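Visitor: Sending over data.pdb (PDB, C-alpha atoms).
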ATOM      1  CA  MET S 794     127.885 -68.150 107.928
ATOM      2  CA  ILE S 795     124.224 -69.068 107.584
ATOM      3  CA  SER S 796     122.532 -67.870 104.418
ATOM      4  CA  PRO S 797     119.403 -65.702 104.530
ATOM      5  CA  ALA S 798     117.334 -68.530 103.017
ATOM      6  CA  GLN S 799     118.605 -70.971 105.659
ATOM      7  CA  MET S 800     117.752 -68.449 108.382
ATOM      8  CA  LEU S 801     114.196 -68.035 107.103
ATOM      9  CA  LEU S 802     113.741 -71.804 107.011
ATOM     10  CA  ALA S 803     115.158 -72.131 110.537
ATOM     11  CA  ILE S 804     112.714 -69.502 111.825
ATOM     12  CA  ARG S 805     109.904 -71.303 110.020
ATOM     13  CA  LYS S 806     110.881 -74.605 111.638
ATOM     14  CA  GLU S 807     111.088 -73.006 115.092
ATOM     15  CA  LEU S 808     107.638 -71.475 114.682
ATOM     16  CA  THR S 809     106.253 -74.851 113.625
ATOM     17  CA  THR S 810     107.927 -76.989 116.277
ATOM     18  CA  SER S 811     108.084 -74.682 119.308
ATOM     19  CA  VAL S 812     105.685 -71.778 118.995
ATOM     20  CA  LEU S 813     102.667 -73.302 117.271
ATOM     21  CA  PRO S 814     102.177 -76.192 119.733
ATOM     22  CA  ALA S 815     102.173 -73.722 122.635
ATOM     23  CA  ILE S 816      99.434 -71.488 121.190
ATOM     24  CA  THR S 817      95.846 -72.267 122.128
ATOM     25  CA  ASP S 818      94.042 -69.252 120.700
ATOM     26  CA  ASP S 819      92.661 -70.047 117.220
ATOM     27  CA  ARG S 820      93.283 -66.554 115.828
ATOM     28  CA  ALA S 821      96.873 -66.562 117.063
ATOM     29  CA  ARG S 822      97.409 -70.061 115.601
ATOM     30  CA  SER S 823      96.060 -68.867 112.255
ATOM     31  CA  SER S 824      98.506 -65.950 112.285
ATOM     32  CA  VAL S 825     101.464 -68.226 113.038
ATOM     33  CA  ILE S 826     100.391 -70.696 110.336
ATOM     34  CA  ALA S 827     100.131 -67.834 107.834
ATOM     35  CA  THR S 828     103.573 -66.594 108.873
ATOM     36  CA  VAL S 829     105.047 -70.073 108.411
ATOM     37  CA  GLY S 830     103.619 -70.166 104.901
ATOM     38  CA  ILE S 831     104.921 -66.702 104.029
ATOM     39  CA  LEU S 832     108.402 -67.557 105.307
ATOM     40  CA  GLY S 833     108.444 -70.705 103.164
ATOM     41  CA  VAL S 834     107.606 -68.734 100.025
ATOM     42  CA  LEU S 835     110.013 -65.956 100.937
ATOM     43  CA  ALA S 836     112.889 -68.407 101.449
ATOM     44  CA  LEU S 837     112.460 -69.589  97.859
ATOM     45  CA  GLN S 838     112.821 -66.006  96.589
ATOM     46  CA  VAL S 839     116.032 -65.089  98.411
ATOM     47  CA  ARG S 840     119.012 -64.558  96.137
ATOM     48  CA  GLU S 841     122.438 -63.931  97.582
ATOM     49  CA  ASP S 842     124.161 -60.744  96.552
ATOM     50  CA  ASP S 843     127.726 -61.502  95.512
ATOM     51  CA  ALA S 844     128.588 -57.900  94.644
ATOM     52  CA  TRP S 845     130.613 -57.569  97.866
ATOM     53  CA  LEU S 846     132.960 -60.375  96.774
ATOM     54  CA  ALA S 847     134.830 -58.143  94.319
ATOM     55  CA  ASP S 848     135.707 -55.727  97.139
ATOM     56  CA  SER S 849     136.583 -58.609  99.455
ATOM     57  CA  VAL S 850     138.941 -60.131  96.896
ATOM     58  CA  ARG S 851     140.530 -56.718  96.305
ATOM     59  CA  VAL S 852     141.159 -56.190 100.055
ATOM     60  CA  LEU S 853     142.429 -59.715 100.704
ATOM     61  CA  SER S 854     144.664 -59.900  97.633
ATOM     62  CA  ALA S 855     146.247 -56.539  98.434
ATOM     63  CA  GLY S 856     147.224 -57.890 101.850
ATOM     64  CA  VAL S 857     148.422 -61.252 100.561
ATOM     65  CA  ARG S 858     150.629 -59.509  97.993
ATOM     66  CA  ARG S 859     152.362 -57.574 100.802
ATOM     67  CA  TRP S 860     153.189 -60.653 102.840
ATOM     68  CA  PRO S 861     155.680 -63.491 102.431
ATOM     69  CA  VAL S 862     153.150 -66.019 101.149
ATOM     70  CA  GLU S 863     152.519 -67.786  97.903
ATOM     71  CA  VAL S 864     149.946 -65.633  96.114
ATOM     72  CA  PRO S 865     147.283 -67.852  94.551
ATOM     73  CA  ASP S 866     146.591 -67.443  90.857
ATOM     74  CA  GLU S 867     143.477 -65.398  90.267
ATOM     75  CA  VAL S 868     140.477 -67.390  89.062
ATOM     76  CA  ALA S 869     137.198 -66.193  87.557
ATOM     77  CA  ASP S 870     135.076 -67.533  90.425
ATOM     78  CA  ALA S 871     135.347 -64.821  93.104
ATOM     79  CA  ARG S 872     134.144 -67.158  95.867
ATOM     80  CA  GLN S 873     136.806 -69.723  95.020
ATOM     81  CA  TYR S 874     139.528 -67.078  94.744
ATOM     82  CA  ARG S 875     138.477 -65.594  98.090
ATOM     83  CA  ARG S 876     138.757 -69.052  99.682
ATOM     84  CA  GLN S 877     142.257 -69.435  98.219
ATOM     85  CA  LEU S 878     143.296 -66.032  99.564
ATOM     86  CA  LEU S 879     141.943 -66.897 103.012
ATOM     87  CA  ALA S 880     143.824 -70.214 102.874
ATOM     88  CA  ALA S 881     147.063 -68.317 102.129
ATOM     89  CA  ILE S 882     146.385 -66.038 105.108
ATOM     90  CA  THR S 883     145.645 -69.042 107.309
ATOM     91  CA  GLU S 884     148.935 -70.620 106.267
ATOM     92  CA  LEU S 885     150.802 -67.403 107.095
ATOM     93  CA  ILE S 886     149.209 -67.262 110.546
ATOM     94  CA  ARG S 887     150.198 -70.905 111.106
ATOM     95  CA  ARG S 888     153.763 -70.046 110.153
ATOM     96  CA  ILE S 889     153.748 -67.088 112.558
ATOM     97  CA  TRP S 890     152.389 -69.354 115.304
ATOM     98  CA  ASP S 891     155.147 -71.888 114.629
ATOM     99  CA  GLY S 892     157.804 -69.144 114.703
ATOM    100  CA  GLU S 893     158.559 -69.472 110.990
ATOM    101  CA  ALA S 894     157.314 -65.993 110.030
ATOM    102  CA  ASP S 895     157.573 -62.518 111.547
ATOM    103  CA  SER S 896     154.871 -61.818 114.147
ATOM    104  CA  ALA S 897     155.171 -58.102 113.303
ATOM    105  CA  LEU S 898     152.847 -58.917 110.376
ATOM    106  CA  LEU S 899     149.935 -59.641 112.728
ATOM    107  CA  PRO S 900     148.593 -56.058 112.996
ATOM    108  CA  ASP S 901     148.452 -55.797 109.202
ATOM    109  CA  ILE S 902     146.809 -59.225 108.913
ATOM    110  CA  ARG S 903     144.234 -58.237 111.524
ATOM    111  CA  GLY S 904     143.564 -54.993 109.656
ATOM    112  CA  VAL S 905     142.967 -56.793 106.379
ATOM    113  CA  LEU S 906     140.707 -59.402 107.984
ATOM    114  CA  HIS S 907     138.811 -56.654 109.802
ATOM    115  CA  ALA S 908     138.259 -54.784 106.535
ATOM    116  CA  ASP S 909     136.991 -57.999 104.938
ATOM    117  CA  LEU S 910     134.636 -58.615 107.863
ATOM    118  CA  GLU S 911     133.266 -55.085 107.539
ATOM    119  CA  LEU S 912     132.427 -55.796 103.898
ATOM    120  CA  GLN S 913     130.516 -58.902 104.953
ATOM    121  CA  LEU S 914     128.695 -57.078 107.724
ATOM    122  CA  LYS S 915     127.567 -54.275 105.398
ATOM    123  CA  ARG S 916     125.700 -56.942 103.481
ATOM    124  CA  THR S 917     123.623 -57.928 106.490
ATOM    125  CA  ARG S 918     122.869 -54.494 107.910
TER     126      ARG S 918
END
Would you encode the structure as structure tokens?

Guide:
Amino acid sequence: MISPAQMLLAIRKELTTSVLPAITDDRARSSVIATVGILGVLALQVREDDAWLADSVRVLSAGVRRWPVEVPDEVADARQYRRQLLAAITELIRRIWDGEADSALLPDIRGVLHADLELQLKRTR
């Protein structure tokens, strides 16, 4: 997923490389140049909100604890722990794909991943 700061910088680059060269009106060019400057400053001020990670970890770990997977040890870094939980889920899906685990778990896995996605999407809406 692209971060908000990366998105602002990408928009800034697009304005500079694609939009600005196509504008001939001096007032319009000045507005685009000002916008490019504002976006550069704004990108430096963006701070990611990690508050959603606690809910994500709660949702993912509840699912992982229900399934026949090795539950990773909880670590203080929520991002790292979330990655470990997602790796455990990925491994379970691989085992289901290979016929080594019960495919009846898939609806529950989908539900947990959907709930996690909703938490991420709330952050961007």

Visitor: Would you kindly identify which residues have an atom no farther than 9 Å from (151.0, -63.7, 97.9), using only C-alpha atoms and the file's own coordinates, and write them out as a list of chain:residue names?

Guide: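 Looking at atoms near the point gives S:Ser854, S:Ala855, S:Gly856, S:Val857, S:Arg858, S:Arg859, S:Trp860, S:Pro861, S:Val862, S:Glu863, S:Val864, S:Pro865, S:Leu878, S:Ala881, S:Ile882.
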
Visitor: Grab the residues selected above and save them as a PDB file, keeping the file's coordinate frame with C-alpha atoms.

Guide:
ATOM      1  CA  SER S 854     144.664 -59.900  97.633  1.00  0.00           C
ATOM      2  CA  ALA S 855     146.247 -56.539  98.434  1.00  0.00           C
ATOM      3  CA  GLY S 856     147.224 -57.890 101.850  1.00  0.00           C
ATOM      4  CA  VAL S 857     148.422 -61.252 100.561  1.00  0.00           C
ATOM      5  CA  ARG S 858     150.629 -59.509  97.993  1.00  0.00           C
ATOM      6  CA  ARG S 859     152.362 -57.574 100.802  1.00  0.00           C
ATOM      7  CA  TRP S 860     153.189 -60.653 102.840  1.00  0.00           C
ATOM      8  CA  PRO S 861     155.680 -63.491 102.431  1.00  0.00           C
ATOM      9  CA  VAL S 862     153.150 -66.019 101.149  1.00  0.00           C
ATOM     10  CA  GLU S 863     152.519 -67.786  97.903  1.00  0.00           C
ATOM     11  CA  VAL S 864     149.946 -65.633  96.114  1.00  0.00           C
ATOM     12  CA  PRO S 865     147.283 -67.852  94.551  1.00  0.00           C
ATOM     13  CA  LEU S 878     143.296 -66.032  99.564  1.00  0.00           C
ATOM     14  CA  ALA S 881     147.063 -68.317 102.129  1.00  0.00           C
ATOM     15  CA  ILE S 882     146.385 -66.038 105.108  1.00  0.00           C
TER      16      ILE S 882
END

Visitor: Please build the interface table for region 819-850 of chain S against region 893-912 of chain S with a cut-off of 9 Å, listing for each qualifying residue the nearest atom pair and the distance in Å to one decimal; count all atoms listed in the file, order rows by chain and increasing number, and write it as a tab-separated table.

Guide:
residue	atom	partner	partner_atom	distance
S:Trp845	CA	S:Leu912	CA	6.5
S:Leu846	CA	S:Leu912	CA	8.5
S:Asp848	CA	S:Leu912	CA	7.5
S:Ser849	CA	S:Asp909	CA	5.5
S:Val850	CA	S:Asp909	CA	8.5

Visitor: Compile the contact shell of Leu808 (chain S) as a ChimeraX atom specification: residues with an atom at most 9 Å away, counting all atoms listed in the file, same-chain residues fewer than 3 positions apart removed.

Guide: /S:803-805,811-814,825-826,828-829

Visitor: Could you work out how far CA of Ala836 (chain S) lies from CA of Met800 (chain S), giving the answer in Å with one decimal?

Guide: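 If I compute the distance from CA of Met800 (chain S) to CA of Ala836 (chain S), I get 8.5 Å.
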
Visitor: Might you pull out every residue within 12 Å of Val868 (chain S), with only C-alpha atoms counted and same-chain residues fewer than 5 positions away left off, and present them as a VMD selection string?

Guide: chain S and resid 850 873 to 878

Visitor: Rounded to one decimal in Å, what is the spacing between CA of Pro797 (chain S) and CA of Gly833 (chain S)?

Guide: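 Calculated distance between CA of Pro797 (chain S) and CA of Gly833 (chain S) is 12.1 Å.
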
Visitor: Please, what distance in Å, to one decimal, runs between CA of Thr883 (chain S) and CA of Gln913 (chain S)?

Guide: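 Computed distance, CA of Thr883 (chain S) to CA of Gln913 (chain S), equals 18.4 Å.
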